[in-house]
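Visitor: Structure supplied as run.cif; contents: mmCIF, C-alpha atoms.
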```cif
data_data
#
loop_
_atom_site.label_atom_id
_atom_site.label_comp_id
_atom_site.auth_asym_id
_atom_site.auth_seq_id
_atom_site.Cartn_x
_atom_site.Cartn_y
_atom_site.Cartn_z
CA MET A 1 90.97 147.42 51.89
CA THR A 2 89.72 148.52 55.34
CA ALA A 3 88.90 146.13 58.18
CA SER A 4 85.25 145.76 59.14
CA ALA A 5 84.09 147.66 62.20
CA PRO A 6 83.65 145.52 65.34
CA GLN A 7 80.11 144.31 65.68
CA PRO A 8 78.74 144.17 69.26
CA PRO A 9 77.41 140.79 70.37
CA ARG A 10 73.71 140.20 70.00
CA ILE A 11 71.29 137.34 70.44
CA GLU A 12 68.31 136.62 68.18
CA SER A 13 65.55 134.06 68.50
CA ASP A 14 65.13 131.44 65.82
CA ALA A 15 61.69 131.85 64.26
CA ARG A 16 61.45 128.15 63.46
CA GLU A 17 62.57 126.96 66.94
CA PRO A 18 61.54 129.27 69.81
CA GLY A 19 64.01 127.71 72.26
CA ARG A 20 66.99 128.08 69.89
CA LEU A 21 69.10 131.26 70.05
CA LEU A 22 71.21 132.64 67.22
CA LEU A 23 74.42 134.41 68.26
CA ARG A 24 75.81 137.23 66.14
CA GLY A 25 78.63 139.79 66.25
CA HIS A 26 82.01 139.80 67.99
CA TRP A 27 82.13 137.89 71.29
CA THR A 28 85.39 139.34 72.51
CA LEU A 29 86.90 141.12 75.51
CA GLU A 30 86.18 144.62 74.21
CA HIS A 31 82.45 143.86 74.37
CA ALA A 32 82.54 142.19 77.80
CA GLY A 33 79.82 144.37 79.31
CA THR A 34 77.43 144.01 76.38
CA LEU A 35 78.11 140.27 76.27
CA THR A 36 77.13 139.82 79.90
CA GLU A 37 73.94 141.83 79.47
CA CYS A 38 72.94 139.80 76.43
CA LEU A 39 73.27 136.53 78.28
CA LYS A 40 71.37 137.82 81.32
CA SER A 41 68.47 139.00 79.16
CA THR A 42 67.83 135.61 77.58
CA SER A 43 64.68 133.73 78.46
CA ALA A 44 64.69 130.75 80.78
CA ASP A 45 63.42 128.24 78.20
CA VAL A 46 66.60 128.10 76.12
CA THR A 47 67.26 124.64 74.65
CA ALA A 48 70.07 125.29 72.12
CA LEU A 49 72.60 127.91 71.00
CA ASP A 50 73.78 128.45 67.42
CA ALA A 51 77.14 130.26 67.51
CA ARG A 52 77.97 129.80 63.84
CA GLY A 53 77.03 133.43 63.23
CA VAL A 54 79.71 134.68 65.66
CA GLU A 55 82.33 136.46 63.55
CA ARG A 56 85.04 136.69 66.20
CA LEU A 57 85.42 134.68 69.41
CA ASP A 58 88.12 134.93 72.08
CA SER A 59 88.70 133.16 75.40
CA LEU A 60 86.35 135.47 77.33
CA GLY A 61 83.47 134.86 74.97
CA ALA A 62 84.02 131.11 74.98
CA LEU A 63 84.23 131.01 78.79
CA GLN A 64 81.07 133.08 79.16
CA LEU A 65 79.19 130.72 76.87
CA LEU A 66 80.44 127.67 78.76
CA ARG A 67 79.38 129.10 82.11
CA PHE A 68 76.01 130.13 80.66
CA CYS A 69 75.42 126.54 79.50
CA GLU A 70 76.48 125.21 82.92
CA LEU A 71 74.06 127.53 84.76
CA ARG A 72 71.18 126.64 82.43
CA GLY A 73 71.94 122.92 82.60
CA LEU A 74 72.79 122.67 78.89
CA GLY A 75 75.36 120.23 77.62
CA MET A 76 78.05 121.09 75.11
CA ASP A 77 76.11 119.19 72.46
CA CYS A 78 73.46 121.94 72.67
CA VAL A 79 75.89 124.57 71.34
CA THR A 80 77.00 124.70 67.71
CA PHE A 81 80.27 126.54 66.97
CA ARG A 82 82.06 127.29 63.76
CA ASP A 83 84.77 124.84 62.76
CA ASP A 84 87.54 127.41 63.23
CA HIS A 85 86.30 128.12 66.78
CA GLN A 86 86.19 124.49 67.93
CA ALA A 87 89.86 124.31 68.98
CA LEU A 88 89.55 127.44 71.17
CA VAL A 89 86.35 126.22 72.82
CA ALA A 90 87.89 122.80 73.53
CA ALA A 91 90.95 124.42 75.12
CA ILE A 92 88.81 126.71 77.30
CA ASP A 93 86.60 123.78 78.31
CA ASP A 94 89.65 121.83 79.54
CA VAL A 95 90.76 124.59 81.92
CA ALA A 96 87.33 125.96 82.86
CA ASP A 97 87.30 123.99 86.13
CA GLY A 98 90.77 125.15 87.12
CA ARG A 99 89.61 128.35 88.76
CA PRO A 100 91.20 129.07 92.15
CA PRO A 101 89.07 127.99 95.11
CA ARG A 102 87.14 130.53 97.08
CA LYS A 103 88.86 131.98 100.10
CA ARG A 104 87.94 130.36 103.38
CA GLU A 105 85.31 132.28 105.25
CA TYR A 106 85.86 133.19 108.87
CA GLY A 107 83.44 134.10 111.60
CA VAL A 108 80.96 132.41 113.91
CA ALA A 109 78.54 131.42 111.16
CA ALA A 110 81.26 129.88 108.99
CA ALA A 111 82.72 128.02 111.99
CA LEU A 112 79.31 126.62 112.92
CA ALA A 113 78.74 125.58 109.31
CA ARG A 114 82.07 123.74 109.19
CA LEU A 115 81.26 122.07 112.53
CA GLY A 116 77.90 120.96 111.19
CA PHE A 117 79.44 119.49 108.05
CA ALA A 118 82.07 117.68 110.15
CA VAL A 119 79.42 116.19 112.45
CA THR A 120 77.38 115.09 109.44
CA ASP A 121 80.42 113.47 107.81
CA ASN A 122 81.35 111.66 111.03
CA TRP A 123 77.80 110.43 111.45
CA LYS A 124 77.81 109.09 107.87
CA GLU A 125 81.13 107.35 108.55
CA PHE A 126 79.65 105.75 111.68
CA LEU A 127 76.59 104.55 109.77
CA ALA A 128 78.81 103.16 107.01
CA LEU A 129 80.91 101.31 109.61
CA LEU A 130 77.77 99.91 111.23
CA GLY A 131 76.42 98.73 107.89
CA PHE A 132 79.77 97.24 106.95
CA PHE A 133 79.85 95.35 110.26
CA GLY A 134 76.43 93.90 109.48
CA GLU A 135 77.58 92.85 106.01
CA VAL A 136 80.73 91.17 107.37
CA LEU A 137 78.69 89.40 110.05
CA ALA A 138 76.24 88.11 107.45
CA LYS A 139 79.11 86.88 105.26
CA LEU A 140 80.67 85.15 108.27
CA LEU A 141 77.41 83.29 108.95
CA ARG A 142 77.24 82.34 105.28
CA MET A 143 80.83 81.10 105.48
CA ALA A 144 79.88 78.92 108.45
CA LYS A 145 77.25 77.28 106.24
CA GLU A 146 79.61 77.11 103.24
CA PRO A 147 83.11 76.32 104.61
CA SER A 148 84.54 76.23 101.09
CA ARG A 149 84.46 80.05 101.09
CA PHE A 150 87.00 80.18 103.94
CA ARG A 151 90.55 81.09 102.86
CA PRO A 152 92.93 79.49 105.40
CA THR A 153 96.14 80.40 103.53
CA SER A 154 95.27 84.10 103.40
CA THR A 155 94.14 84.07 107.04
CA VAL A 156 97.37 82.48 108.27
CA PHE A 157 99.42 84.90 106.18
CA HIS A 158 97.68 87.90 107.75
CA MET A 159 98.01 86.34 111.22
CA GLU A 160 101.76 86.29 110.69
CA GLN A 161 101.76 89.81 109.29
CA VAL A 162 99.65 91.45 112.01
CA GLY A 163 100.69 89.20 114.90
CA LEU A 164 104.16 87.69 114.80
CA ASP A 165 105.73 90.64 113.00
CA ALA A 166 104.33 93.02 115.64
CA VAL A 167 105.64 91.12 118.67
CA PRO A 168 109.03 92.94 118.95
CA LEU A 169 107.42 96.38 118.75
CA VAL A 170 104.65 95.55 121.22
CA ALA A 171 107.09 93.92 123.66
CA LEU A 172 109.57 96.80 123.58
CA LEU A 173 107.02 99.58 124.00
CA CYS A 174 105.10 97.81 126.77
CA TYR A 175 108.32 97.02 128.62
CA LEU A 176 109.31 100.69 128.54
CA VAL A 177 105.86 101.92 129.52
CA GLY A 178 105.81 99.47 132.42
CA ALA A 179 109.12 100.90 133.59
CA VAL A 180 107.81 104.48 133.26
CA VAL A 181 104.64 103.66 135.23
CA ALA A 182 106.75 102.14 137.99
CA PHE A 183 109.01 105.21 138.16
CA LEU A 184 106.09 107.64 138.26
CA GLY A 185 104.26 105.63 140.91
CA ALA A 186 107.39 105.33 143.04
CA ASN A 187 107.91 109.11 143.03
CA VAL A 188 104.48 109.59 144.61
CA LEU A 189 104.41 106.56 146.90
CA ARG A 190 107.92 107.16 148.26
CA ASP A 191 106.67 110.24 150.16
CA PHE A 192 104.26 108.02 152.09
CA GLY A 193 106.71 105.19 152.66
CA ALA A 194 104.63 102.87 150.48
CA THR A 195 107.03 102.14 147.64
CA ILE A 196 106.12 98.46 147.77
CA PHE A 197 102.65 99.33 146.41
CA VAL A 198 104.28 99.99 143.03
CA VAL A 199 103.78 96.26 142.45
CA GLU A 200 99.97 96.58 142.62
CA LEU A 201 100.04 99.79 140.57
CA VAL A 202 101.91 98.24 137.66
CA SER A 203 100.04 94.94 137.82
CA ILE A 204 96.52 96.37 137.88
CA ALA A 205 97.29 99.15 135.39
CA PHE A 206 98.72 96.79 132.81
CA LEU A 207 96.37 93.87 133.25
CA ARG A 208 93.23 96.03 133.07
CA GLU A 209 94.12 98.94 130.80
CA PHE A 210 97.62 99.57 129.51
CA GLY A 211 98.33 96.15 128.03
CA VAL A 212 95.29 95.94 125.77
CA LEU A 213 95.13 99.69 125.07
CA LEU A 214 98.77 100.05 124.03
CA THR A 215 98.53 96.96 121.85
CA ALA A 216 95.35 98.19 120.19
CA ILE A 217 96.84 101.64 119.53
CA ILE A 218 99.99 100.11 118.06
CA LEU A 219 97.95 97.88 115.76
CA ALA A 220 95.61 100.74 114.86
CA GLY A 221 98.59 102.67 113.55
CA ARG A 222 100.40 99.68 112.09
CA THR A 223 97.71 97.29 110.86
CA ALA A 224 94.72 99.49 110.07
CA SER A 225 96.89 101.64 107.81
CA ALA A 226 98.30 98.53 106.13
CA PHE A 227 94.83 97.12 105.48
CA THR A 228 93.64 100.43 104.00
CA ALA A 229 96.72 100.84 101.80
CA GLN A 230 96.60 97.25 100.54
CA ILE A 231 92.89 97.21 99.68
CA GLY A 232 92.99 100.81 98.44
CA ALA A 233 95.80 99.99 96.03
CA MET A 234 93.74 97.08 94.71
CA VAL A 235 90.75 99.38 94.25
CA SER A 236 92.83 101.96 92.38
CA ARG A 237 94.20 99.22 90.09
CA GLU A 238 90.61 97.96 89.54
CA GLU A 239 91.48 94.55 90.96
CA VAL A 240 88.41 94.63 93.21
CA ASP A 241 86.20 95.31 90.18
CA ALA A 242 87.88 92.39 88.43
CA MET A 243 87.00 90.16 91.41
CA ARG A 244 83.34 91.14 91.15
CA THR A 245 83.43 90.50 87.39
CA LEU A 246 84.75 86.98 88.03
CA GLY A 247 81.94 86.35 90.53
CA LEU A 248 84.15 86.61 93.63
CA ASP A 249 83.01 88.48 96.73
CA PRO A 250 85.63 91.04 97.89
CA VAL A 251 84.39 90.68 101.47
CA ASP A 252 85.08 86.95 101.42
CA GLN A 253 88.42 87.35 99.65
CA LEU A 254 89.86 90.47 101.30
CA VAL A 255 87.98 91.47 104.45
CA ILE A 256 87.12 88.31 106.38
CA PRO A 257 90.69 86.86 106.40
CA ARG A 258 92.01 90.15 107.79
CA VAL A 259 89.24 90.43 110.39
CA LEU A 260 89.71 86.86 111.62
CA ALA A 261 93.50 87.24 111.72
CA LEU A 262 93.33 90.36 113.88
CA VAL A 263 90.60 88.97 116.17
CA VAL A 264 92.79 85.93 116.86
CA MET A 265 96.13 87.73 117.21
CA LEU A 266 95.22 90.81 119.25
CA PRO A 267 94.40 88.80 122.44
CA LEU A 268 97.70 86.94 122.06
CA LEU A 269 99.59 90.20 121.60
CA THR A 270 97.76 91.61 124.64
CA PHE A 271 99.02 88.68 126.71
CA ILE A 272 102.58 89.37 125.52
CA ALA A 273 102.12 93.08 126.29
CA ASN A 274 101.02 92.25 129.84
CA ILE A 275 104.05 90.01 130.40
CA PHE A 276 106.54 92.62 129.19
CA GLY A 277 104.79 95.46 131.03
CA LEU A 278 105.10 93.50 134.28
CA LEU A 279 108.75 92.78 133.47
CA GLY A 280 109.34 96.51 133.03
CA GLY A 281 107.93 97.17 136.48
CA LEU A 282 109.99 94.30 137.89
CA THR A 283 113.17 95.74 136.39
CA VAL A 284 112.55 99.16 137.89
CA GLY A 285 111.65 97.64 141.25
CA ALA A 286 114.84 95.57 141.32
CA TYR A 287 117.32 98.17 140.08
CA GLY A 288 115.68 101.49 140.91
CA LEU A 289 113.55 100.98 144.00
CA ASP A 290 115.63 98.44 145.95
CA ILE A 291 112.86 95.82 145.83
CA PRO A 292 114.49 92.39 145.35
CA PRO A 293 112.99 90.38 142.46
CA GLN A 294 111.93 87.61 144.86
CA GLN A 295 110.03 90.08 147.03
CA TYR A 296 108.53 91.78 143.97
CA LEU A 297 107.32 88.49 142.52
CA GLY A 298 106.02 87.30 145.89
CA ARG A 299 104.07 90.50 146.38
CA MET A 300 102.70 90.28 142.86
CA GLN A 301 101.58 86.68 143.43
CA ASP A 302 99.85 87.57 146.70
CA THR A 303 98.03 90.67 145.44
CA MET A 304 97.30 89.94 141.76
CA GLU A 305 93.68 89.01 141.00
CA LEU A 306 92.78 87.03 137.92
CA ARG A 307 89.72 89.18 137.25
CA HIS A 308 91.95 92.10 136.23
CA PHE A 309 93.55 89.90 133.58
CA TRP A 310 90.18 88.79 132.18
CA VAL A 311 88.84 92.35 132.14
CA GLY A 312 91.72 93.49 129.94
CA LEU A 313 91.66 90.41 127.73
CA ALA A 314 87.89 90.65 127.17
CA LYS A 315 88.33 94.00 125.43
CA ALA A 316 90.92 92.70 122.93
CA PRO A 317 88.52 90.99 120.44
CA VAL A 318 86.27 94.07 120.40
CA PHE A 319 89.21 96.38 119.65
CA ALA A 320 90.46 93.95 116.99
CA LEU A 321 87.06 93.94 115.28
CA VAL A 322 86.88 97.74 115.28
CA ILE A 323 90.42 98.19 113.94
CA SER A 324 90.06 95.61 111.16
CA LEU A 325 86.62 96.82 110.04
CA ILE A 326 87.75 100.45 109.86
CA GLY A 327 90.92 99.56 107.96
CA CYS A 328 89.10 97.41 105.40
CA LEU A 329 86.16 99.82 104.98
CA GLU A 330 88.41 102.81 104.34
CA GLY A 331 90.35 100.77 101.79
CA LEU A 332 87.17 99.84 99.90
CA GLN A 333 86.12 103.52 99.87
CA VAL A 334 89.22 104.63 97.94
CA LYS A 335 88.21 106.53 94.80
CA GLY A 336 91.07 105.34 92.59
CA THR A 337 93.74 108.01 92.94
CA ALA A 338 96.96 108.06 94.92
CA GLN A 339 95.71 111.05 96.90
CA SER A 340 92.58 109.14 97.88
CA VAL A 341 94.70 106.23 99.14
CA GLY A 342 96.71 108.58 101.35
CA GLU A 343 93.63 110.35 102.68
CA ARG A 344 91.83 107.11 103.48
CA THR A 345 94.92 105.65 105.16
CA THR A 346 95.20 108.69 107.41
CA SER A 347 91.47 108.57 108.12
CA SER A 348 91.59 104.89 109.07
CA VAL A 349 94.40 105.43 111.60
CA VAL A 350 92.67 108.43 113.19
CA GLN A 351 89.28 106.71 113.35
CA ALA A 352 90.70 103.45 114.72
CA ILE A 353 92.75 105.09 117.49
CA SER A 354 89.94 107.45 118.45
CA LEU A 355 87.29 104.73 118.58
CA VAL A 356 89.55 102.37 120.54
CA ILE A 357 90.19 105.02 123.20
CA ILE A 358 86.48 105.94 123.38
CA LEU A 359 85.44 102.30 123.76
CA ASP A 360 88.12 101.72 126.39
CA ALA A 361 86.90 104.69 128.40
CA PHE A 362 83.29 103.46 128.33
CA ALA A 363 84.41 99.93 129.20
CA ALA A 364 86.46 101.19 132.16
CA ILE A 365 83.48 103.12 133.52
CA TRP A 366 81.16 100.17 133.03
CA PHE A 367 83.49 97.68 134.74
CA MET A 368 83.98 100.12 137.61
CA GLU A 369 80.23 100.56 138.06
CA MET A 370 79.75 96.77 137.92
CA ASP A 371 82.55 96.40 140.51
CA ILE A 372 84.46 93.96 138.30
#
```
Can you dump the structure from the file as structure tokens?

Guide:
Amino acid sequence: MTASAPQPPRIESDAREPGRLLLRGHWTLEHAGTLTECLKSTSADVTALDARGVERLDSLGALQLLRFCELRGLGMDCVTFRDDHQALVAAIDDVADGRPPRKREYGVAAALARLGFAVTDNWKEFLALLGFFGEVLAKLLRMAKEPSRFRPTSTVFHMEQVGLDAVPLVALLCYLVGAVVAFLGANVLRDFGATIFVVELVSIAFLREFGVLLTAIILAGRTASAFTAQIGAMVSREEVDAMRTLGLDPVDQLVIPRVLALVVMLPLLTFIANIFGLLGGLTVGAYGLDIPPQQYLGRMQDTMELRHFWVGLAKAPVFALVISLIGCLEGLQVKGTAQSVGERTTSSVVQAISLVIILDAFAAIWFMEMDI
């Protein structure tokens, strides 16, 4: 008994249904060229495919049919296969999206396109942050009218987590930075015989800029990432959806306690940062610049102005609001996978640090122009 000769693939129209195509022949690799031409020659008004007349079907034929349906916007329920072909089609359908990504394009046009997409994404992130700020503000006003929505236990817990637990790190880093600023200033001022002005340098620098900025950057890396990871893990475990099902507002339960905790604790941490930054300068002045502590403290008392302290402290609540909103928003935007949690955590840290530095730069220029 001889095997039947291979039949080339062909497509026929169903006389009863004009939009239905009947597939015939062998849809295999050896007829790849004919197969492609048959699919290209089909009319645009195809509504269904009947592949029960296909005698032989391999992975190429199945993949070509799947891609044809995807290009024409047809679902898999519009294609009818033979029972013995179903397993192959299902296996090809599972791996059809696993094609390697296209190679990255290089050149001026591709670079401009990537820049445009990045600007668009950043603008969308900014609009989302602005809208989220409005939502949190509205929920805060509602909480003022309905105090029963306030969660004091959660707020105090987060105050301890973001405030008290961060004191050693903030104190150590600010103390060391204060010492470094004093050393660098002394190296320049020593040439002019004005080493004593290191006192004003350290005092003004820390009270106006370094104290609040270093504290905000530390909390942007430490607290914003923690907020994103905590809320993102709850999103991935569908706990946030469960809250909504129970009639609870995730903003009231998760966001507002964290925002209030950071707004309260960041000014206090800034005050601690200022104290330890000044102590760092005092240590260098006493042991490295031959300025006795009594003289250093006396000079600091005579030259220090309270307005520098208030300028730095006024920026702390703004930075706290930005850091907490970014951390919570990125956590709520997690898609449900571990990779999404990691990406959003990284994004929250980068956005928080960048926005804090940008706001600090604008604030410094504004205060300088206002002569404050």

Visitor: Using only C-alpha atoms and a cutoff of 10 Å, can you tell me which residues are near (91.5, 102.6, 94.3) in the file's coordinates, and write them out as a list in words?

Guide: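 The residues that fall inside the cut-off are Ala229, Gln230, Ile231, Gly232, Ala233, Met234, Val235, Ser236, Arg237, Glu238, Glu239, Val240, Asp241, Gly331, Leu332, Gln333, Val334, Lys335, Gly336, Thr337, Ala338, Gln339, Ser340 and Val341 of chain A.
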
Visitor: Applying the PyMOL selection byres ((chain A and resi 182-195) around 10) to the file I just gave you, which residues come out? Please list them as a list in words.

Guide: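 Selected by the PyMOL selection byres ((chain A and resi 182-195) around 10) here: Leu176, Val177, Gly178, Ala179, Val180, Val181, Ile196, Phe197, Val198, Val199, Glu200, Leu201, Val202, Ser203, Gly277, Leu278, Gly280, Gly281, Leu282, Thr283, Val284, Gly285, Gly288, Leu289, Asp290 and Ile291 of chain A.
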
Visitor: Just the number, please: distance in Å from CA of Ala138 in chain A to CA of Arg244 in chain A, one decimal.

Guide: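 Between CA of Ala138 in chain A and CA of Arg244 in chain A the gap works out to 18.0 Å.
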
Visitor: Would you please work out which residue, of A:Leu21, A:Leu214, A:Ala286, A:Ala364, is nearest to Ala171 in chain A when using only C-alpha atoms?

Guide: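 Using only C-alpha atoms, Ala171 in chain A sits closest to A:Leu214.
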
Visitor: For a quick check of your reading of the model, name the residues lying within 8 Å of the coordinate (89.5, 90.3, 118.5), counting only C-alpha atoms, and write them as number ranges by chain.

Guide: A: 260, 262-267, 315-321

Visitor: Rounded to one decimal, what separation in Å do you get between CA of Arg299 in chain A and CA of Thr215 in chain A?

Guide: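 Interatomic distance here is 26.0 Å.
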
Visitor: Give the answer as one residue: which of A:Val167, A:Trp366, A:Leu172, A:Phe227 has the shortest atom-to-atom distance to Thr270 in chain A, using only C-alpha atoms?

Guide: A:Val167

Visitor: Residues at most 10 Å from Leu35 in chain A, counting all atoms listed in the file, excluding those fewer than 6 positions away in the same chain, as number ranges by chain?

Guide: A: 8-11, 26-29, 60-61, 64-65
